[in-house]
file input.txt (compact mmCIF, C-alpha atoms)
# COMPACT_ATOMS: atom_id res chain seq x y z
CA GLN A 1 86.03 110.51 90.26
CA THR A 2 88.48 108.46 92.29
CA GLU A 3 92.10 107.59 91.67
CA GLY A 4 93.03 104.08 92.72
CA ASN A 5 89.56 102.74 93.55
CA TRP A 6 90.61 101.04 96.76
CA PHE A 7 88.25 101.39 99.67
CA ILE A 8 85.98 104.38 99.09
CA ASP A 9 83.22 104.75 96.53
CA LYS A 10 80.72 107.29 95.22
CA ASN A 11 78.11 106.44 97.87
CA ASP A 12 80.63 107.10 100.65
CA VAL A 13 81.40 110.53 99.20
CA VAL A 14 77.71 111.39 98.79
CA ASN A 15 77.02 110.34 102.39
CA VAL A 16 79.75 112.68 103.65
CA LEU A 17 78.53 115.63 101.57
CA THR A 18 74.88 115.11 102.58
CA ASN A 19 75.42 114.14 106.24
CA ASN A 20 74.24 110.61 105.47
CA LYS A 21 71.50 111.94 103.16
CA THR A 22 69.94 114.18 105.79
CA ILE A 23 70.55 117.31 103.71
CA SER A 24 70.16 117.87 99.97
CA VAL A 25 72.83 119.24 97.66
CA LYS A 26 70.63 119.25 94.57
CA ASN A 27 69.09 122.38 93.06
CA LYS A 28 70.89 124.68 95.46
CA LYS A 29 72.58 127.93 94.48
CA ILE A 30 76.29 127.64 93.79
CA GLU A 31 76.88 130.57 96.13
CA SER A 32 75.48 128.56 99.04
CA PHE A 33 78.30 125.99 98.88
CA ASP A 34 81.44 126.44 100.95
CA LEU A 35 83.71 124.23 98.86
CA ASN A 36 86.71 124.67 101.13
CA LYS A 37 84.70 123.54 104.13
CA LEU A 38 83.40 120.51 102.23
CA GLU A 39 86.92 119.60 101.11
CA VAL A 40 88.14 119.72 104.70
CA LYS A 41 85.18 117.57 105.74
CA LEU A 42 86.01 114.95 103.12
CA GLU A 43 89.69 114.96 104.01
CA LYS A 44 88.82 114.01 107.58
CA GLU A 45 87.62 110.65 106.25
CA VAL A 46 90.28 108.04 106.96
CA TRP A 47 90.56 106.80 103.36
CA VAL A 48 90.71 110.27 101.77
CA LYS A 49 94.16 111.68 101.18
CA ASP A 50 93.08 114.72 99.19
CA ALA A 51 89.75 116.14 97.99
CA GLU A 52 89.02 118.77 95.36
CA LEU A 53 85.55 120.17 94.72
CA PHE A 54 84.51 122.50 91.90
CA PHE A 55 81.57 123.35 89.65
CA ASP A 56 81.83 122.77 85.92
CA ASN A 57 80.48 125.21 83.32
CA LYS A 58 77.06 123.55 83.57
CA GLY A 59 76.83 124.16 87.29
CA ILE A 60 77.36 120.52 88.22
CA LEU A 61 79.36 119.84 91.37
CA LYS A 62 82.44 117.73 90.64
CA VAL A 63 84.28 115.87 93.37
CA LYS A 64 87.81 114.58 92.80
CA ILE A 65 89.15 112.21 95.46
CA GLU A 66 92.66 110.89 95.92
CA GLU A 67 92.53 107.85 98.16
CA ARG A 68 95.06 106.68 100.67
CA GLU A 69 96.64 103.52 99.30
CA PRO A 70 97.62 100.77 101.76
CA ILE A 71 101.16 99.43 101.37
CA ALA A 72 101.44 97.03 104.33
CA ARG A 73 99.23 94.98 106.61
CA VAL A 74 100.33 94.97 110.24
CA PHE A 75 99.34 92.77 113.17
CA ASN A 76 100.23 93.99 116.64
CA THR A 77 100.81 92.12 119.88
CA GLN A 78 97.34 93.16 121.10
CA GLY A 79 95.62 91.19 118.34
CA GLN A 80 94.75 94.23 116.22
CA SER A 81 95.23 94.27 112.46
CA PHE A 82 95.41 97.33 110.25
CA TYR A 83 97.00 98.84 107.15
CA ILE A 84 99.46 101.68 106.80
CA ASP A 85 99.87 103.87 103.73
CA SER A 86 102.98 105.33 102.12
CA THR A 87 103.13 108.11 104.73
CA GLY A 88 102.85 105.68 107.66
CA HIS A 89 99.23 106.77 108.20
CA TYR A 90 96.92 104.27 109.97
CA LEU A 91 94.17 102.74 107.84
CA PRO A 92 91.50 100.34 109.13
CA LEU A 93 90.63 97.04 107.51
CA SER A 94 87.73 97.20 105.10
CA ASP A 95 85.08 94.74 103.99
CA LYS A 96 84.91 96.43 100.57
CA MET A 97 88.22 95.22 99.28
CA SER A 98 91.37 93.47 100.41
CA ALA A 99 94.85 93.95 99.05
CA ARG A 100 97.81 91.58 98.69
CA LEU A 101 100.47 93.36 100.70
CA PRO A 102 103.59 92.62 102.75
CA VAL A 103 102.56 91.31 106.18
CA PHE A 104 104.25 92.39 109.42
CA THR A 105 103.49 90.72 112.75
CA SER A 106 104.08 91.49 116.45
CA PHE A 107 104.04 95.27 116.17
CA PRO A 108 104.57 96.26 119.84
CA ALA A 109 102.03 99.09 120.18
CA ASP A 110 98.52 100.31 119.47
CA VAL A 111 99.03 102.12 116.17
CA LYS A 112 96.39 104.75 117.09
CA LYS A 113 98.50 105.77 120.10
CA ILE A 114 101.96 105.97 118.55
CA LYS A 115 103.88 108.71 120.33
CA THR A 116 107.42 107.49 121.00
CA LYS A 117 110.32 107.99 118.62
CA ALA A 118 110.95 104.25 118.67
CA ASP A 119 107.42 103.49 117.47
CA LYS A 120 107.62 106.16 114.77
CA LYS A 121 110.96 104.77 113.61
CA LEU A 122 109.51 101.27 113.44
CA ILE A 123 106.58 102.49 111.32
CA ARG A 124 109.08 104.23 109.02
CA ASN A 125 111.11 101.02 108.71
CA ILE A 126 107.96 99.02 107.92
CA LYS A 127 107.02 101.56 105.27
CA ASP A 128 110.49 101.40 103.65
CA LEU A 129 110.58 97.60 103.62
CA SER A 130 107.04 97.36 102.25
CA LEU A 131 107.68 99.76 99.41
CA PHE A 132 110.83 97.83 98.51
CA LEU A 133 108.99 94.50 98.51
CA LEU A 134 106.11 95.85 96.44
CA LYS A 135 108.55 97.00 93.75
CA ASP A 136 110.51 93.74 93.65
CA PRO A 137 108.53 90.74 92.31
CA PHE A 138 111.11 88.19 93.51
CA TRP A 139 111.18 89.32 97.14
CA MET A 140 107.45 90.01 97.20
CA ALA A 141 106.93 86.36 96.28
CA GLN A 142 109.69 84.98 98.52
CA VAL A 143 108.97 86.86 101.75
CA SER A 144 105.90 85.24 103.30
CA GLN A 145 105.79 87.51 106.35
CA VAL A 146 108.01 89.71 108.47
CA ASP A 147 108.05 89.20 112.23
CA ILE A 148 109.07 92.04 114.55
CA THR A 149 111.23 90.85 117.45
CA PRO A 150 111.07 92.29 121.01
CA SER A 151 114.25 94.22 120.17
CA ARG A 152 112.41 95.83 117.22
CA GLU A 153 114.37 94.01 114.55
CA PHE A 154 112.95 92.06 111.64
CA GLU A 155 112.92 88.32 111.00
CA MET A 156 111.61 87.22 107.62
CA VAL A 157 109.82 83.95 106.94
CA PRO A 158 110.45 82.80 103.36
CA THR A 159 107.88 81.22 101.10
CA VAL A 160 110.44 78.68 99.84
CA GLY A 161 112.81 77.12 102.39
CA ASN A 162 112.64 76.43 106.12
CA HIS A 163 115.26 78.99 107.11
CA LEU A 164 114.64 82.20 109.03
CA ILE A 165 116.20 85.42 107.78
CA GLU A 166 117.60 87.63 110.56
CA PHE A 167 117.37 91.02 108.91
CA GLY A 168 118.24 93.32 111.81
CA ASP A 169 116.69 96.78 111.82
CA GLY A 170 115.32 98.53 108.76
CA GLU A 171 118.44 100.51 107.97
CA ASP A 172 120.42 99.77 104.77
CA TYR A 173 117.62 97.46 103.68
CA GLU A 174 118.59 97.57 100.00
CA LYS A 175 122.15 96.42 100.76
CA LYS A 176 120.82 93.64 102.99
CA PHE A 177 118.47 92.37 100.32
CA HIS A 178 121.34 92.49 97.82
CA ARG A 179 123.58 90.41 100.09
CA LEU A 180 120.76 87.97 100.65
CA PHE A 181 120.10 87.65 96.92
CA VAL A 182 123.78 86.97 96.27
CA PHE A 183 123.73 84.28 98.98
CA TYR A 184 120.63 82.70 97.44
CA LYS A 185 122.20 82.72 93.99
CA GLN A 186 125.72 81.62 94.87
CA VAL A 187 125.13 79.31 97.83
CA LEU A 188 121.54 78.13 98.22
CA ALA A 189 121.22 77.49 94.50
CA LYS A 190 123.90 74.80 95.00
CA THR A 191 123.13 73.49 98.49
CA GLY A 192 119.33 73.65 98.31
CA MET A 193 116.91 75.92 100.18
CA GLU A 194 116.75 73.59 103.20
CA LYS A 195 120.48 73.64 104.01
CA TYR A 196 120.45 76.37 106.68
CA GLN A 197 118.13 77.16 109.59
CA ARG A 198 119.10 80.82 109.96
CA ILE A 199 120.59 83.35 107.58
CA LYS A 200 121.89 86.53 109.14
CA VAL A 201 122.18 89.60 106.91
CA GLN A 202 122.14 92.30 109.59
CA TYR A 203 125.95 92.53 109.69
CA ASP A 204 128.15 94.21 107.07
call {"tool": "encode", "arguments": {"input": "input.txt", "output": "structure tokens"}}
result
Amino acid sequence: QTEGNWFIDKNDVVNVLTNNKTISVKNKKIESFDLNKLEVKLEKEVWVKDAELFFDNKGILKVKIEEREPIARVFNTQGQSFYIDSTGHYLPLSDKMSARLPVFTSFPADVKKIKTKADKKLIRNIKDLSLFLLKDPFWMAQVSQVDITPSREFEMVPTVGNHLIEFGDGEDYEKKFHRLFVFYKQVLAKTGMEKYQRIKVQYD
């Protein structure tokens, strides 16, 4: 059983439990299974957030998997592309399924080698912005992509309009989106979406 059905399926789980079908788990005594060890083994898989194994009252092994769910797609300056989940955990791209997610470009590091506080803060900011966008249908539709500047601030490219949104860092993101929405409603609704080249919301 899986929750979410994103990027891991039954065959993947069976391959992990059987070492790619080199060992059998059928018709073996229940006492011969180290369920804790198998759970740890499954949880080492990149797409598995949590695994629970148990035998039902008929002696059938049940496997319950909670998958890691991608919330943002990130492109870095080295040409790599990857997902992150709601904890900021790295997830690789998959040929099994793709997801429509907020897109961030020009991430300044190899995500597998994130060590500095600045990189960790940037991942946290990306996570916060992504979760906000995913919960807001208007901004999810209006923000085409988010570019990361060399100073680690965000510039948003809108779907409608030729302007660039200078967002600043990821702090107070809800207030910034609110100010931007008010500007859209009170100003751009009257002047048209092409009136301005840059809109700066990083200042109070």
call {"tool": "closest_residue", "arguments": {"input": "input.txt", "among": "A:Asp136, A:Asp204, A:Asp147, A:Glu66", "to": "Glu171 of chain A", "atoms": "all atoms listed in the file"}}
result
A:Asp204
call {"tool": "closest_residue", "arguments": {"input": "input.txt", "among": "A:Val103, A:Met97, A:Lys44, A:Leu53", "to": "Asp9 of chain A", "atoms": "only C-alpha atoms"}}
result
A:Met97
call {"tool": "closest_atom_pairs", "arguments": {"input": "input.txt", "of": "segment 78-133 of chain A", "to": "segment 156-166 of chain A", "cutoff": "12 Å", "atoms": "only C-alpha atoms", "output": "CSV"}}
result
residue,atom,partner,partner_atom,distance
A:Pro102,CA,A:Met156,CA,10.8
A:Val103,CA,A:Met156,CA,10.0
A:Phe104,CA,A:Met156,CA,9.2
A:Thr105,CA,A:Met156,CA,10.2
A:Leu129,CA,A:Met156,CA,11.2
A:Leu133,CA,A:Met156,CA,12.0
call {"tool": "write_last_selection", "arguments": {"input": "input.txt", "atoms": "C-alpha atoms", "output": "short mmCIF file (atom, residue, chain, number, x, y, z; two decimals), keeping the file's coordinate frame"}}
result
data_model
loop_
_atom_site.label_atom_id
_atom_site.label_comp_id
_atom_site.auth_asym_id
_atom_site.auth_seq_id
_atom_site.Cartn_x
_atom_site.Cartn_y
_atom_site.Cartn_z
CA PRO A 102 103.59 92.62 102.75
CA VAL A 103 102.56 91.31 106.18
CA PHE A 104 104.25 92.39 109.42
CA THR A 105 103.49 90.72 112.75
CA LEU A 129 110.58 97.60 103.62
CA LEU A 133 108.99 94.50 98.51
#
call {"tool": "atom_distance", "arguments": {"input": "input.txt", "atom1": "atom CA of Trp47 of chain A", "atom2": "atom CA of Asp85 of chain A"}}
result
9.8 Å
call {"tool": "atom_distance", "arguments": {"input": "input.txt", "atom1": "atom CA of Leu122 of chain A", "atom2": "atom CA of Glu153 of chain A"}}
result
8.8 Å
call {"tool": "atom_distance", "arguments": {"input": "input.txt", "atom1": "atom CA of Phe167 of chain A", "atom2": "atom CA of Phe154 of chain A"}}
result
5.3 Å
call {"tool": "closest_residue", "arguments": {"input": "input.txt", "among": "A:Val48, A:Leu101, A:Leu61, A:Ile199", "to": "Met140 of chain A", "atoms": "all atoms listed in the file"}}
result
A:Leu101
call {"tool": "residues_around", "arguments": {"input": "input.txt", "residues": "Val111 of chain A", "least_positions_apart": "4", "cutoff": "12 Å", "atoms": "all atoms listed in the file", "output": "list in words"}}
result
Arg73, Val74, Phe75, Asn76, Thr77, Gln78, Gly79, Gln80, Ser81, Phe82, Tyr83, Ile84, Gly88, His89, Tyr90, Leu91, Pro92, Ser106, Phe107, Lys115, Thr116, Asp119, Lys120, Leu122 and Ile123 of chain A
call {"tool": "closest_residue", "arguments": {"input": "input.txt", "among": "A:Tyr184, A:Pro137, A:Val13, A:Phe7", "to": "Leu93 of chain A", "atoms": "all atoms listed in the file"}}
result
A:Phe7
call {"tool": "closest_residue", "arguments": {"input": "input.txt", "among": "A:Ala72, A:Ile60, A:Ala189, A:Leu180", "to": "Asp128 of chain A", "atoms": "all atoms listed in the file"}}
result
A:Ala72
call {"tool": "closest_residue", "arguments": {"input": "input.txt", "among": "A:Gln197, A:Ser86, A:Ser144, A:Ser98", "to": "Leu131 of chain A", "atoms": "only C-alpha atoms"}}
result
A:Ser86
call {"tool": "build_atoms", "arguments": {"input": "input.txt", "residues": "segment 54-65 of chain A", "atoms": "all heavy atoms", "output": "short mmCIF file (atom, residue, chain, number, x, y, z; two decimals), in the frame of the given file"}}
result
data_model
loop_
_atom_site.label_atom_id
_atom_site.label_comp_id
_atom_site.auth_asym_id
_atom_site.auth_seq_id
_atom_site.Cartn_x
_atom_site.Cartn_y
_atom_site.Cartn_z
N PHE A 54 84.68 121.34 92.78
CA PHE A 54 84.51 122.50 91.90
C PHE A 54 83.24 122.30 91.08
O PHE A 54 82.73 121.19 90.94
CB PHE A 54 85.72 122.67 90.98
CG PHE A 54 86.01 121.48 90.09
CD1 PHE A 54 85.49 121.41 88.80
CD2 PHE A 54 86.79 120.43 90.56
CE1 PHE A 54 85.75 120.32 87.99
CE2 PHE A 54 87.06 119.33 89.75
CZ PHE A 54 86.53 119.27 88.46
N PHE A 55 82.73 123.41 90.54
CA PHE A 55 81.57 123.35 89.65
C PHE A 55 82.04 123.48 88.21
O PHE A 55 82.90 124.32 87.90
CB PHE A 55 80.59 124.50 89.98
CG PHE A 55 79.81 124.26 91.25
CD1 PHE A 55 80.24 124.79 92.46
CD2 PHE A 55 78.63 123.51 91.22
CE1 PHE A 55 79.52 124.57 93.62
CE2 PHE A 55 77.91 123.30 92.38
CZ PHE A 55 78.35 123.83 93.59
N ASP A 56 81.47 122.65 87.33
CA ASP A 56 81.83 122.77 85.92
C ASP A 56 81.00 123.88 85.28
O ASP A 56 80.20 124.55 85.96
CB ASP A 56 81.67 121.43 85.19
CG ASP A 56 80.22 120.95 85.13
OD1 ASP A 56 79.31 121.75 85.43
OD2 ASP A 56 80.00 119.78 84.76
N ASN A 57 81.17 124.08 83.97
CA ASN A 57 80.48 125.21 83.32
C ASN A 57 78.97 125.00 83.17
O ASN A 57 78.27 125.89 82.71
CB ASN A 57 81.12 125.50 81.96
CG ASN A 57 81.14 124.27 81.06
OD1 ASN A 57 80.48 123.28 81.34
ND2 ASN A 57 81.90 124.34 79.97
N LYS A 58 78.50 123.81 83.57
CA LYS A 58 77.06 123.55 83.57
C LYS A 58 76.46 123.64 84.98
O LYS A 58 75.28 123.34 85.18
CB LYS A 58 76.77 122.18 82.97
CG LYS A 58 77.14 122.06 81.50
CD LYS A 58 76.81 120.67 80.97
CE LYS A 58 77.19 120.54 79.50
NZ LYS A 58 76.89 119.19 78.95
N GLY A 59 77.30 124.03 85.93
CA GLY A 59 76.83 124.16 87.29
C GLY A 59 76.70 122.85 88.04
O GLY A 59 76.00 122.76 89.05
N ILE A 60 77.40 121.83 87.55
CA ILE A 60 77.36 120.52 88.22
C ILE A 60 78.56 120.39 89.15
O ILE A 60 79.70 120.65 88.75
CB ILE A 60 77.37 119.38 87.17
CG1 ILE A 60 76.10 119.46 86.31
CG2 ILE A 60 77.46 118.02 87.86
CD1 ILE A 60 76.08 118.46 85.17
N LEU A 61 78.30 119.99 90.38
CA LEU A 61 79.36 119.84 91.37
C LEU A 61 80.21 118.61 91.04
O LEU A 61 79.69 117.50 90.91
CB LEU A 61 78.76 119.69 92.78
CG LEU A 61 79.77 119.47 93.92
CD1 LEU A 61 80.69 120.67 94.06
CD2 LEU A 61 79.03 119.19 95.23
N LYS A 62 81.50 118.81 90.90
CA LYS A 62 82.44 117.73 90.64
C LYS A 62 83.30 117.49 91.88
O LYS A 62 83.75 118.45 92.53
CB LYS A 62 83.35 118.08 89.45
CG LYS A 62 82.60 118.28 88.14
CD LYS A 62 82.02 116.97 87.63
CE LYS A 62 81.37 117.15 86.25
NZ LYS A 62 80.85 115.88 85.72
N VAL A 63 83.49 116.24 92.20
CA VAL A 63 84.28 115.87 93.37
C VAL A 63 85.42 114.95 92.92
O VAL A 63 85.17 113.89 92.36
CB VAL A 63 83.43 115.14 94.43
CG1 VAL A 63 84.28 114.82 95.65
CG2 VAL A 63 82.22 115.98 94.81
N LYS A 64 86.64 115.38 93.15
CA LYS A 64 87.81 114.58 92.80
C LYS A 64 88.49 114.12 94.08
O LYS A 64 88.87 114.93 94.92
CB LYS A 64 88.78 115.39 91.95
CG LYS A 64 89.96 114.59 91.41
CD LYS A 64 90.82 115.43 90.48
CE LYS A 64 91.98 114.62 89.92
NZ LYS A 64 92.83 115.44 89.02
N ILE A 65 88.60 112.80 94.24
CA ILE A 65 89.15 112.21 95.46
C ILE A 65 90.44 111.47 95.15
O ILE A 65 90.50 110.69 94.21
CB ILE A 65 88.15 111.21 96.09
CG1 ILE A 65 86.86 111.92 96.50
CG2 ILE A 65 88.78 110.50 97.29
CD1 ILE A 65 87.01 112.88 97.63
#
